[in-house]
file target06.cif (mmCIF, C-alpha atoms)
data_coords
#
loop_
_atom_site.label_atom_id
_atom_site.label_comp_id
_atom_site.auth_asym_id
_atom_site.auth_seq_id
_atom_site.Cartn_x
_atom_site.Cartn_y
_atom_site.Cartn_z
CA MET A 179 98.15 92.02 109.21
CA ASP A 180 95.76 94.55 110.73
CA LEU A 181 95.43 97.18 108.01
CA LEU A 182 92.57 98.99 109.72
CA GLY A 183 94.52 99.30 112.98
CA LEU A 184 97.59 100.45 111.09
CA SER A 185 95.51 103.00 109.19
CA ARG A 186 94.15 104.30 112.51
CA GLN A 187 97.70 104.74 113.82
CA VAL A 188 98.83 106.56 110.68
CA GLY A 189 95.75 108.78 110.77
CA ALA A 190 96.23 109.63 114.43
CA ALA A 191 99.88 110.56 113.85
CA LEU A 192 99.00 112.74 110.86
CA LYS A 193 96.13 114.41 112.68
CA ARG A 194 98.21 115.11 115.82
CA ALA A 195 100.83 116.87 113.71
CA SER A 196 98.32 118.57 111.36
CA LEU A 197 99.90 116.88 108.35
CA THR A 198 98.38 115.71 105.07
CA VAL A 199 98.99 112.77 102.75
CA CYS A 200 98.14 111.66 99.22
CA THR A 201 98.88 108.58 97.16
CA ALA A 202 100.07 107.58 93.70
CA GLU A 203 99.27 103.92 93.12
CA SER A 204 99.85 101.46 90.34
CA CYS A 205 99.74 97.77 91.32
CA THR A 206 97.59 98.41 94.42
CA GLY A 207 94.84 100.04 92.35
CA GLY A 208 93.82 102.52 95.04
CA LEU A 209 93.91 100.20 98.06
CA ILE A 210 96.27 102.44 100.05
CA LEU A 211 93.92 105.39 99.70
CA SER A 212 90.92 103.16 100.37
CA THR A 213 92.51 101.87 103.56
CA LEU A 214 93.37 105.38 104.74
CA THR A 215 89.83 106.57 104.11
CA ASP A 216 88.28 103.62 105.95
CA ILE A 217 88.88 105.68 109.10
CA PRO A 218 86.13 108.16 110.03
CA GLY A 219 87.48 111.71 109.97
CA SER A 220 90.24 110.87 107.49
CA SER A 221 89.29 113.95 105.44
CA ALA A 222 91.31 115.91 108.02
CA TYR A 223 94.55 114.46 106.65
CA VAL A 224 93.86 112.70 103.30
CA GLU A 225 93.82 114.99 100.25
CA GLY A 226 93.37 112.40 97.50
CA GLY A 227 95.18 110.02 95.25
CA LEU A 228 95.72 108.79 91.73
CA ILE A 229 95.76 105.35 90.21
CA THR A 230 98.31 105.57 87.43
CA TYR A 231 98.38 102.07 86.06
CA SER A 232 99.76 102.81 82.60
CA ASN A 233 103.09 104.42 81.78
CA GLU A 234 101.22 107.16 79.93
CA ALA A 235 99.23 108.01 83.07
CA LYS A 236 102.40 108.04 85.16
CA MET A 237 103.97 110.52 82.76
CA ARG A 238 100.91 112.70 82.10
CA MET A 239 99.50 112.90 85.62
CA LEU A 240 102.56 112.56 87.85
CA GLY A 241 105.37 113.86 85.68
CA VAL A 242 107.33 110.60 85.60
CA ARG A 243 109.95 111.13 82.93
CA ASP A 244 109.85 109.01 79.79
CA THR A 245 113.59 108.45 80.17
CA THR A 246 113.03 106.98 83.64
CA LEU A 247 110.46 104.54 82.28
CA ALA A 248 112.67 103.66 79.29
CA GLU A 249 115.85 103.17 81.32
CA ALA A 250 114.61 101.82 84.67
CA GLY A 251 111.12 100.58 83.83
CA ALA A 252 107.75 101.15 85.42
CA VAL A 253 108.63 98.82 88.29
CA SER A 254 111.71 100.54 89.68
CA ALA A 255 112.93 102.67 92.55
CA ALA A 256 113.33 105.63 90.20
CA THR A 257 109.72 105.42 89.01
CA ALA A 258 108.36 105.02 92.56
CA GLY A 259 110.34 108.08 93.61
CA GLU A 260 109.10 110.22 90.74
CA MET A 261 105.53 109.03 91.35
CA ALA A 262 105.68 110.07 95.02
CA CYS A 263 107.23 113.46 94.27
CA GLY A 264 104.76 114.11 91.46
CA ALA A 265 101.75 113.27 93.61
CA ARG A 266 102.98 115.41 96.49
CA ARG A 267 103.41 118.39 94.19
CA LEU A 268 100.04 117.82 92.53
CA PHE A 269 98.07 117.56 95.77
CA ASP A 270 100.33 119.98 97.71
CA THR A 271 100.46 117.65 100.71
CA ASP A 272 103.05 117.16 103.40
CA TYR A 273 103.58 113.55 102.35
CA ALA A 274 102.90 111.26 99.40
CA LEU A 275 103.07 107.50 99.21
CA SER A 276 103.62 105.69 95.92
CA VAL A 277 103.68 102.05 94.91
CA THR A 278 104.59 100.25 91.72
CA GLY A 279 105.14 96.54 91.35
CA ILE A 280 104.42 93.17 89.80
CA ALA A 281 101.46 91.78 91.73
CA GLY A 282 101.18 88.62 89.63
CA PRO A 283 100.39 86.00 88.72
CA GLY A 284 102.30 86.84 85.53
CA GLY A 285 104.68 89.55 84.47
CA GLY A 286 107.76 88.54 86.39
CA THR A 287 111.18 88.06 84.82
CA GLY A 288 114.58 86.93 86.07
CA GLU A 289 115.58 90.56 86.56
CA LYS A 290 112.23 91.65 87.98
CA PRO A 291 110.57 88.71 89.70
CA LEU A 292 106.93 88.25 90.55
CA GLY A 293 106.13 90.18 93.73
CA LEU A 294 108.79 92.86 93.18
CA THR A 295 107.41 96.11 94.57
CA PHE A 296 108.79 99.58 95.20
CA ILE A 297 107.17 101.87 97.77
CA GLY A 298 108.09 105.55 97.74
CA LEU A 299 107.65 108.25 100.36
CA ALA A 300 108.07 111.93 99.51
CA GLY A 301 107.76 114.96 101.76
CA ARG A 302 107.97 118.70 101.35
CA GLU A 303 111.76 118.37 101.40
CA GLY A 304 111.66 116.00 98.41
CA LEU A 305 112.07 112.25 98.12
CA ILE A 306 112.55 110.69 101.53
CA THR A 307 113.00 107.05 100.63
CA VAL A 308 112.06 104.18 98.35
CA GLU A 309 111.82 100.67 99.73
CA ARG A 310 112.23 97.52 97.64
CA HIS A 311 110.25 94.40 98.51
CA ILE A 312 109.67 91.01 96.97
CA TRP A 313 106.36 89.65 98.21
CA ASP A 314 105.68 85.92 97.89
CA GLY A 315 101.87 85.81 97.91
CA ASP A 316 99.25 85.61 95.22
CA ARG A 317 98.01 88.79 93.51
CA ILE A 318 95.63 89.84 96.30
CA ALA A 319 98.13 89.04 99.06
CA ASN A 320 100.86 91.01 97.26
CA LYS A 321 98.57 94.01 96.98
CA MET A 322 97.66 93.83 100.67
CA LEU A 323 101.32 93.44 101.65
CA SER A 324 102.10 96.54 99.61
CA VAL A 325 99.42 98.52 101.46
CA ASP A 326 100.85 97.31 104.77
CA GLY A 327 104.37 98.21 103.67
CA ALA A 328 103.36 101.70 102.56
CA LEU A 329 101.47 102.49 105.75
CA GLN A 330 104.29 101.07 107.90
CA LEU A 331 106.80 103.23 106.04
CA LEU A 332 104.80 106.40 106.64
CA LEU A 333 104.11 105.53 110.28
CA GLU A 334 107.80 104.85 110.97
CA HIS A 335 108.70 108.20 109.45
CA LEU A 336 106.03 110.04 111.46
CA THR A 337 106.86 108.42 114.79
CA GLY A 338 110.64 108.24 114.43
#
call {"tool": "encode", "arguments": {"input": "target06.cif", "output": "structure tokens"}}
result
Amino acid sequence: MDLLGLSRQVGAALKRASLTVCTAESCTGGLILSTLTDIPGSSAYVEGGLITYSNEAKMRMLGVRDTTLAEAGAVSAATAGEMACGARRLFDTDYALSVTGIAGPGGGTGEKPLGLTFIGLAGREGLITVERHIWDGDRIANKMLSVDGALQLLLEHLTG
């Protein structure tokens, strides 16, 4: 996994098209934004990001609905979608990436196993997609896999 190389590719695609991105992160704790900003000149396409670890922060800062959290849970496709749309609106960017998941080592259940992660991508036209993954690493590996998954998702969308 070459996160720096992937970040360079994403940055180049965004820069070529004069597009901007932001993030809304939970289980990754800001690693997506950190990886994007590891590239010199990333201020041309990165607007910012939020780490919304608690449900209250998701609701207050991103506009995730309390009914979504109550019915689907913080780790769900619905929450990832609302996080991405909320961040995109807040930062007024072309794209927003979101991630919410169970990095481990605890917290998993039969219904929502350890490593379950949802990655959202929103654009000016609204929610584009939410991907569901179940990573099988330890906490750090799961976080890194989520960063990789988010950047891959955006790159695939940008390059067709």
call {"tool": "residues_around", "arguments": {"input": "target06.cif", "residues": "A:Leu181", "least_positions_apart": "5", "cutoff": "9 Å", "atoms": "all atoms listed in the file", "output": "PyMOL selection string"}}
result
chain A and resi 186+213+322+325-326+329
call {"tool": "write_last_selection", "arguments": {"input": "target06.cif", "atoms": "C-alpha atoms", "output": "PDB file, in the coordinates of the input"}}
result
ATOM      1  CA  ARG A 186      94.150 104.300 112.510  1.00  0.00           C
ATOM      2  CA  THR A 213      92.510 101.870 103.560  1.00  0.00           C
ATOM      3  CA  MET A 322      97.660  93.830 100.670  1.00  0.00           C
ATOM      4  CA  VAL A 325      99.420  98.520 101.460  1.00  0.00           C
ATOM      5  CA  ASP A 326     100.850  97.310 104.770  1.00  0.00           C
ATOM      6  CA  LEU A 329     101.470 102.490 105.750  1.00  0.00           C
TER       7      LEU A 329
END
call {"tool": "residues_around", "arguments": {"input": "target06.cif", "residues": "stretch 265-280 of chain A", "least_positions_apart": "3", "cutoff": "6 Å", "atoms": "all atoms listed in the file", "output": "list in words"}}
result
Leu197, Thr198, Val199, Cys200, Thr201, Ala202, Glu203, Ser204, Cys205, Leu240, Val253, Ala258, Met261, Ala262, Leu292, Gly293, Leu294, Thr295, Phe296, Ile297, Gly298, Leu299, Ala300, Gly301 and Arg302 of chain A
call {"tool": "atom_distance", "arguments": {"input": "target06.cif", "atom1": "atom CA of A:Arg194", "atom2": "atom CA of A:Leu214"}}
result
15.5 Å
call {"tool": "atom_distance", "arguments": {"input": "target06.cif", "atom1": "atom CA of A:His311", "atom2": "atom CA of A:Gly327"}}
result
8.7 Å
call {"tool": "closest_residue", "arguments": {"input": "target06.cif", "among": "A:Glu225, A:Ala281, A:Glu289, A:Ala190", "to": "A:Gly315", "atoms": "all atoms listed in the file"}}
result
A:Ala281
call {"tool": "residues_around", "arguments": {"input": "target06.cif", "residues": "A:Gly282", "least_positions_apart": "4", "cutoff": "12 Å", "atoms": "all atoms listed in the file", "output": "list in words"}}
result
Cys205, Thr206, Gly286, Thr287, Lys290, Pro291, Leu292, Gly293, Leu294, Thr295, Ile312, Trp313, Asp314, Gly315, Asp316, Arg317, Ile318, Ala319, Asn320 and Lys321 of chain A
